[in-house]
Amino acid sequence: MRAWGWWGALLGLLTLASAPEDKPMVLPQVIVDGQSKASDETASNTVVDRSQMEDAASDLPEVLDEQPGMRTSRLGGPGSFSSMAIRGSTGEQVNVYLDGVPLNSGVGGPVDLSSIPLGPVERVVIYRGLSPLSFGASAMGGVVSVRTRTPASTIFELRGGGGSFGGRFGPLYLGAGAGDWSGSVAIDYQGSQGGFSYTSDGGTAFDTSDDQVVQRSNNQVDSGSVMLKGSVNLGPGLTLGVTNFLHLKKLGVAGHGLHPTVSSSLESVRNLTALSLRGTKVAGTSFQFAVTPWVTWSQLRFEDPLGEVGIGVDDTRDRHVSTGLRANGSLPLALDAGLNWWLTPKVALELRHELFTAGGGGVSTDDVANSTRTRLSAGVGLECAIEPVDTEVIASLRHESSWSRLSTPENRDDLTREEPRNTSVDALTWRLALAQRSIPDVKLTANLSKSVRMPSLFELFGNTGGVLGNPSLLPEAGMNVDLGVVYRPSLSSSANVWSLELYAFWNQADDRIQFVRTSQGVSVAQNIASSEIYGAELGTYLDVWGHVRVRGSVTWMPALNRTPIPAYQGNQLPNRPVWKGYARLESYWPLEIEGEGEVGIHIDVEALAKNYDDLANLIEFPERVLVGAGLYATFLDRQWRLAIDGRNLGDASVQDFIGHPLPGLSVMASLAWSPSADDVSTGARP
């Protein structure tokens, strides 16, 4: 009888998952408008749509840096290595996805966001401080989910431009689609000579007598990519998609500003192939699912023939292969005939296997050193939507495991002296969330979550002579709490838009991994650091009167070091400015030149304050205020767009890392042609 009781309950739930005969079934989902397209509206999120990516000089790191709570750090100008931090996290603590495929490597290090071109991007959804269950693995800093375009009609875009420091770019996008299929190709190129001027202090920060203006040498970069994407409907509610993304990049490694280089270089090649199978209302029920298998291959070659960067001549060829599968499913269940109460069980799985091969010039295939990592994350969740009071409640639980192995050939002592060994790490992560919309035009949210970051292969097994890994490392663990309010009033005209979001947050991280220098001069990875970060972030967007757009963000964020080392205790963590702000004011008017068009001008300001370079807070970056301006015009029925954009108009001397100057005053111009300006995208929600 007990078994029949369980089967009866299951049949009852499946019955509830079907539509009542007297009323059509409407699945619970977030209302999607022009400003909000996030799949999890209970999370602290920001959506960056394509309209914010049209600036002539912009790349993805620059666009993301304008958002609340975000901080981009660069080693140079556009195209140079760029990492992203969210709410004071490290770059490694932010999970980056391209069409659902994770780009983070188990080898370690943050994702280089400059390797993702803007041409094929439809939108970017940023989740701050947590990772929704559907992404599989947790994330201490948050998630950057990049979704590429899925055209629903024919579109052709060709763009070219250039400007200061030999900068040039040339994206091409061609796509077509109908109701049951779509296909596209995107080709992007970006390059720069990078030879800008900067002031060198000669290594004497407090003595200006030896300061001199010099040219940044060996700072050139060339980057290109090709993306092929297609999708087809297999039947009612089923869609199969495929994506292949190839990226190549070559740049000079300029080194420290005091020690310019002439010959060191870095080359990288990466190819990503992924399938995507999505289903909605499967077999006439409310069941929804998504399955994404992928394989990525990359190779990095670093050459330093004169020993300008490291401690000797270097010729490194490292290869990385990642295979994996992400899957998630949900089954909304109507708990009453009026479809006003919904209970949605959810499941998610991410399985990833990575092979890292460390090699170099003159090393045979049999002599290379391999390390592998397998990571499994499995989770369950439950969402309750109560429509009479406009409330959503989410609870989720994950179990995350990581297994790593080092296999060391006997004759490769120059790469590692560690014995072959295995290590495994397990963690339990969870999340509770609430969203409430009973107040007109207002959404209130609350989140409480625990996340982890597994130690990388380099942190576990690295051995470069001066740096040693530690196979006994624990995962970094963090707690996040945030409260938010989002206000989107219904203005008098549908053409007017205003949104305002305000979040307060607190997060604590323990067992942070840090390389600690021993008395023998060797740095060893250890779980030693803790941190406490709290603050508030404000973001707003305004488009009114048919002539004015305003976009802005402000972040206040004390990021306190809680390490037991007295000299660092209570200090601001390096490269986490206490204050960060961005504002952009734009005015636009209709323009009729052989058809409809538009002309606009803008001015923007970025400001940073209370930012330090070292743990002891002895080296403080000067307060930064960068002003930019630009103008654009669309004409011939908006098929042509001409834009001129100026950055750092005050020619301020700035840097994100001491010894790595950033460009001063720069101007870029572009001309774009799109004879099919009626493109409408149907990209899947992240």
# chains A, B, ... in the order shown; residues from 1 in each chain; ligands from 1
$ closest_atom_pairs --of "segment 239-308 of chain A" --to "segment 109-130 of chain A" --cutoff "10 Å" --atoms "only C-alpha atoms" --output "CSV"
residue,atom,partner,partner_atom,distance
A:Phe245,CA,A:Ile116,CA,9.7
A:His247,CA,A:Ser115,CA,7.2
A:Leu248,CA,A:Ser115,CA,8.5
A:Lys249,CA,A:Ser115,CA,8.0
A:Arg270,CA,A:Ser115,CA,9.6
$ select_by_dssp --residues "segment 366-556 of chain A" --states "strand (DSSP E or B)" --output "short mmCIF file (atom, residue, chain, number, x, y, z; two decimals) with C-alpha atoms, in the first residue's frame"
data_model
loop_
_atom_site.label_atom_id
_atom_site.label_comp_id
_atom_site.auth_asym_id
_atom_site.auth_seq_id
_atom_site.Cartn_x
_atom_site.Cartn_y
_atom_site.Cartn_z
CA ALA A 369 54.15 16.70 -17.99
CA ASN A 370 50.40 16.08 -17.81
CA SER A 371 47.87 16.94 -15.15
CA THR A 372 44.15 16.21 -15.21
CA ARG A 373 41.15 17.48 -13.37
CA THR A 374 37.59 16.17 -13.24
CA ARG A 375 34.87 18.25 -11.67
CA LEU A 376 31.30 17.20 -10.93
CA SER A 377 28.55 19.45 -9.64
CA ALA A 378 25.05 18.11 -9.06
CA GLY A 379 22.22 20.08 -7.52
CA VAL A 380 18.52 20.19 -6.83
CA GLY A 381 16.27 23.15 -6.27
CA LEU A 382 12.71 24.11 -5.57
CA GLU A 383 10.95 27.29 -6.67
CA CYS A 384 7.58 28.39 -5.39
CA ALA A 385 5.67 31.10 -7.27
CA ILE A 386 2.65 32.59 -5.52
CA THR A 391 6.18 36.31 -4.63
CA GLU A 392 8.88 33.84 -5.67
CA VAL A 393 10.90 31.72 -3.25
CA ILE A 394 13.90 29.62 -4.33
CA ALA A 395 15.94 27.06 -2.41
CA SER A 396 18.77 25.03 -3.95
CA LEU A 397 21.49 22.64 -2.83
CA ARG A 398 24.62 21.49 -4.68
CA HIS A 399 27.30 18.91 -4.08
CA GLU A 400 30.55 19.79 -5.81
CA SER A 401 33.59 17.53 -6.18
CA SER A 402 36.95 17.92 -7.86
CA TRP A 403 39.49 15.17 -8.57
CA SER A 404 42.97 16.18 -9.74
CA ARG A 405 45.97 14.09 -10.76
CA LEU A 406 49.58 14.93 -11.57
CA SER A 407 51.50 12.53 -13.81
CA ARG A 421 49.77 12.02 -6.89
CA ASN A 422 46.02 12.43 -6.69
CA THR A 423 43.95 14.87 -4.70
CA SER A 424 40.21 15.22 -4.23
CA VAL A 425 38.10 18.02 -2.81
CA ASP A 426 34.40 18.03 -1.90
CA ALA A 427 32.06 20.82 -0.88
CA LEU A 428 28.37 21.43 -0.24
CA THR A 429 26.92 24.73 -1.46
CA TRP A 430 23.43 26.17 -1.18
CA ARG A 431 21.22 29.18 -1.79
CA LEU A 432 17.99 30.75 -0.50
CA ALA A 433 16.32 33.56 -2.45
CA LEU A 434 13.17 35.67 -2.40
CA ALA A 435 11.59 38.10 -4.86
CA GLN A 436 8.50 40.16 -4.05
CA VAL A 442 8.87 47.67 -7.51
CA LYS A 443 10.72 44.38 -7.09
CA LEU A 444 12.31 43.48 -3.75
CA THR A 445 14.89 40.71 -3.58
CA ALA A 446 16.91 38.90 -0.91
CA ASN A 447 19.65 36.30 -1.32
CA LEU A 448 21.67 34.15 1.06
CA SER A 449 24.16 31.70 -0.44
CA LYS A 450 27.34 29.72 0.11
CA SER A 451 29.77 29.18 -2.78
CA VAL A 452 33.23 27.71 -3.32
CA ARG A 453 36.20 27.95 -5.65
CA ASN A 463 56.46 24.01 -9.49
CA VAL A 467 56.64 28.79 -6.80
CA LEU A 468 55.30 25.55 -5.32
CA GLU A 476 38.00 28.80 -1.00
CA ALA A 477 34.56 29.23 0.58
CA GLY A 478 32.37 32.30 0.70
CA MET A 479 29.05 33.48 2.14
CA ASN A 480 27.01 36.09 0.32
CA VAL A 481 24.06 38.14 1.58
CA ASP A 482 22.35 40.85 -0.43
CA LEU A 483 19.13 42.85 -0.35
CA GLY A 484 17.89 44.74 -3.36
CA VAL A 485 15.17 46.97 -4.70
CA VAL A 486 14.47 47.50 -8.42
CA TYR A 487 12.15 50.33 -9.47
CA VAL A 497 11.96 54.17 -19.91
CA TRP A 498 13.44 54.46 -16.44
CA SER A 499 14.94 51.81 -14.22
CA LEU A 500 16.68 52.17 -10.87
CA GLU A 501 18.33 49.38 -8.90
CA LEU A 502 19.89 49.54 -5.46
CA TYR A 503 21.59 46.61 -3.70
CA ALA A 504 23.29 46.28 -0.34
CA PHE A 505 25.62 43.30 0.04
CA TRP A 506 27.97 41.54 2.45
CA ASN A 507 30.23 38.61 1.75
CA GLN A 508 32.86 36.78 3.71
CA ALA A 509 35.50 34.50 2.23
CA ASP A 510 37.55 31.97 4.18
CA ASP A 511 40.47 29.72 3.26
CA ARG A 512 41.47 32.10 0.50
CA ILE A 513 44.44 30.70 -1.37
CA GLN A 514 47.55 32.83 -1.28
CA PHE A 515 51.16 32.18 -2.24
CA VAL A 516 53.27 32.74 0.89
CA ARG A 517 56.99 33.38 0.59
CA SER A 523 56.37 30.93 -2.56
CA VAL A 524 54.02 28.13 -1.48
CA ALA A 525 50.24 28.06 -1.98
CA GLN A 526 48.43 28.07 1.36
CA ASN A 527 44.92 28.59 2.77
CA ILE A 528 45.73 31.64 4.84
CA ALA A 529 43.70 34.64 3.85
CA SER A 530 40.17 35.67 4.82
CA SER A 531 38.22 38.71 3.77
CA GLU A 532 35.08 40.65 4.61
CA ILE A 533 33.54 42.78 1.87
CA TYR A 534 30.40 44.87 2.20
CA GLY A 535 28.89 47.82 0.44
CA ALA A 536 26.16 49.17 -1.79
CA GLU A 537 25.71 49.51 -5.55
CA LEU A 538 23.38 51.76 -7.48
CA GLY A 539 22.55 51.55 -11.16
CA THR A 540 20.13 53.52 -13.32
CA TYR A 541 19.00 53.84 -16.93
CA LEU A 542 16.80 56.61 -18.33
CA ASP A 543 15.46 57.24 -21.83
CA VAL A 544 12.91 60.07 -21.99
CA VAL A 548 17.81 62.06 -23.71
CA ARG A 549 19.48 58.89 -22.44
CA VAL A 550 21.26 58.58 -19.10
CA ARG A 551 23.15 55.58 -17.77
CA GLY A 552 25.08 55.45 -14.52
CA SER A 553 26.38 53.34 -11.66
CA VAL A 554 28.00 53.93 -8.27
CA THR A 555 29.65 51.31 -6.05
CA TRP A 556 30.82 51.82 -2.47
#
$ atom_distance --atom1 "atom CA of Asn244 of chain A" --atom2 "atom CA of Leu671 of chain A"
27.5 Å
$ residues_around --residues "Val654 of chain A" --least-positions-apart "5" --cutoff "9 Å" --atoms "only C-alpha atoms" --output "list in words"
Phe621, Pro622, Arg624, His660, Pro661, Leu662, Pro663 and Gly664 of chain A
$ atom_distance --atom1 "atom CA of Leu457 of chain A" --atom2 "atom CA of Leu473 of chain A"
10.8 Å
$ closest_atom_pairs --of "segment 204-287 of chain A" --to "segment 328-349 of chain A" --cutoff "10 Å" --atoms "only C-alpha atoms" --output "tab-separated table"
residue	atom	partner	partner_atom	distance
A:Arg278	CA	A:Gly329	CA	9.6
A:Gly279	CA	A:Gly329	CA	9.1
A:Thr280	CA	A:Ser330	CA	9.7
A:Lys281	CA	A:Leu331	CA	9.2
A:Val282	CA	A:Leu331	CA	9.9
A:Thr285	CA	A:Leu331	CA	8.3
A:Ser286	CA	A:Leu331	CA	5.8
A:Phe287	CA	A:Leu331	CA	4.4
$ write_last_selection --atoms "N, CA and C atoms" --output "PDB file, in the first residue's frame"
ATOM      1  N   ARG A 278      17.426  21.924 -26.425  1.00  0.00           N
ATOM      2  CA  ARG A 278      16.495  22.556 -25.500  1.00  0.00           C
ATOM      3  C   ARG A 278      15.084  22.065 -25.763  1.00  0.00           C
ATOM      4  N   GLY A 279      14.359  21.885 -24.688  1.00  0.00           N
ATOM      5  CA  GLY A 279      12.981  21.443 -24.806  1.00  0.00           C
ATOM      6  C   GLY A 279      12.061  22.213 -23.882  1.00  0.00           C
ATOM      7  N   THR A 280      10.882  22.573 -24.390  1.00  0.00           N
ATOM      8  CA  THR A 280       9.851  23.228 -23.583  1.00  0.00           C
ATOM      9  C   THR A 280       8.523  22.520 -23.816  1.00  0.00           C
ATOM     10  N   LYS A 281       7.746  22.373 -22.759  1.00  0.00           N
ATOM     11  CA  LYS A 281       6.447  21.700 -22.823  1.00  0.00           C
ATOM     12  C   LYS A 281       6.590  20.330 -23.491  1.00  0.00           C
ATOM     13  N   VAL A 282       7.575  19.552 -22.993  1.00  0.00           N
ATOM     14  CA  VAL A 282       7.878  18.259 -23.570  1.00  0.00           C
ATOM     15  C   VAL A 282       6.713  17.299 -23.357  1.00  0.00           C
ATOM     16  N   THR A 285       3.532  18.240 -21.468  1.00  0.00           N
ATOM     17  CA  THR A 285       3.587  18.630 -20.063  1.00  0.00           C
ATOM     18  C   THR A 285       4.318  19.960 -19.950  1.00  0.00           C
ATOM     19  N   SER A 286       4.561  20.389 -18.733  1.00  0.00           N
ATOM     20  CA  SER A 286       5.281  21.639 -18.512  1.00  0.00           C
ATOM     21  C   SER A 286       6.778  21.420 -18.331  1.00  0.00           C
ATOM     22  N   PHE A 287       7.273  20.214 -18.595  1.00  0.00           N
ATOM     23  CA  PHE A 287       8.688  19.898 -18.403  1.00  0.00           C
ATOM     24  C   PHE A 287       9.552  20.689 -19.380  1.00  0.00           C
TER      25      PHE A 287
END
$ closest_residue --among "A:Tyr198, A:Trp640, A:Phe635, A:Phe461" --to "Leu591 of chain A" --atoms "only C-alpha atoms"
A:Phe635
$ atom_distance --atom1 "atom CA of Ala643 of chain A" --atom2 "atom CA of Glu54 of chain A"
9.0 Å
$ closest_atom_pairs --of "segment 201-319 of chain A" --to "segment 181-193 of chain A" --cutoff "6 Å" --atoms "only C-alpha atoms" --output "JSON lines"
{"residue": "A:Gln220", "atom": "CA", "partner": "A:Gln193", "partner_atom": "CA", "distance": 4.3}
{"residue": "A:Val221", "atom": "CA", "partner": "A:Gly191", "partner_atom": "CA", "distance": 5.3}
{"residue": "A:Asp222", "atom": "CA", "partner": "A:Gly191", "partner_atom": "CA", "distance": 4.3}
{"residue": "A:Ser223", "atom": "CA", "partner": "A:Gln190", "partner_atom": "CA", "distance": 5.2}
{"residue": "A:Gly224", "atom": "CA", "partner": "A:Tyr189", "partner_atom": "CA", "distance": 4.3}
{"residue": "A:Ser225", "atom": "CA", "partner": "A:Asp188", "partner_atom": "CA", "distance": 5.3}
{"residue": "A:Val226", "atom": "CA", "partner": "A:Ile187", "partner_atom": "CA", "distance": 4.6}
{"residue": "A:Met227", "atom": "CA", "partner": "A:Ala186", "partner_atom": "CA", "distance": 5.0}
{"residue": "A:Leu228", "atom": "CA", "partner": "A:Val185", "partner_atom": "CA", "distance": 4.7}
{"residue": "A:Lys229", "atom": "CA", "partner": "A:Ser184", "partner_atom": "CA", "distance": 5.3}
{"residue": "A:Gly230", "atom": "CA", "partner": "A:Gly183", "partner_atom": "CA", "distance": 4.1}
{"residue": "A:Ser231", "atom": "CA", "partner": "A:Ser182", "partner_atom": "CA", "distance": 5.3}
{"residue": "A:Val232", "atom": "CA", "partner": "A:Trp181", "partner_atom": "CA", "distance": 4.3}
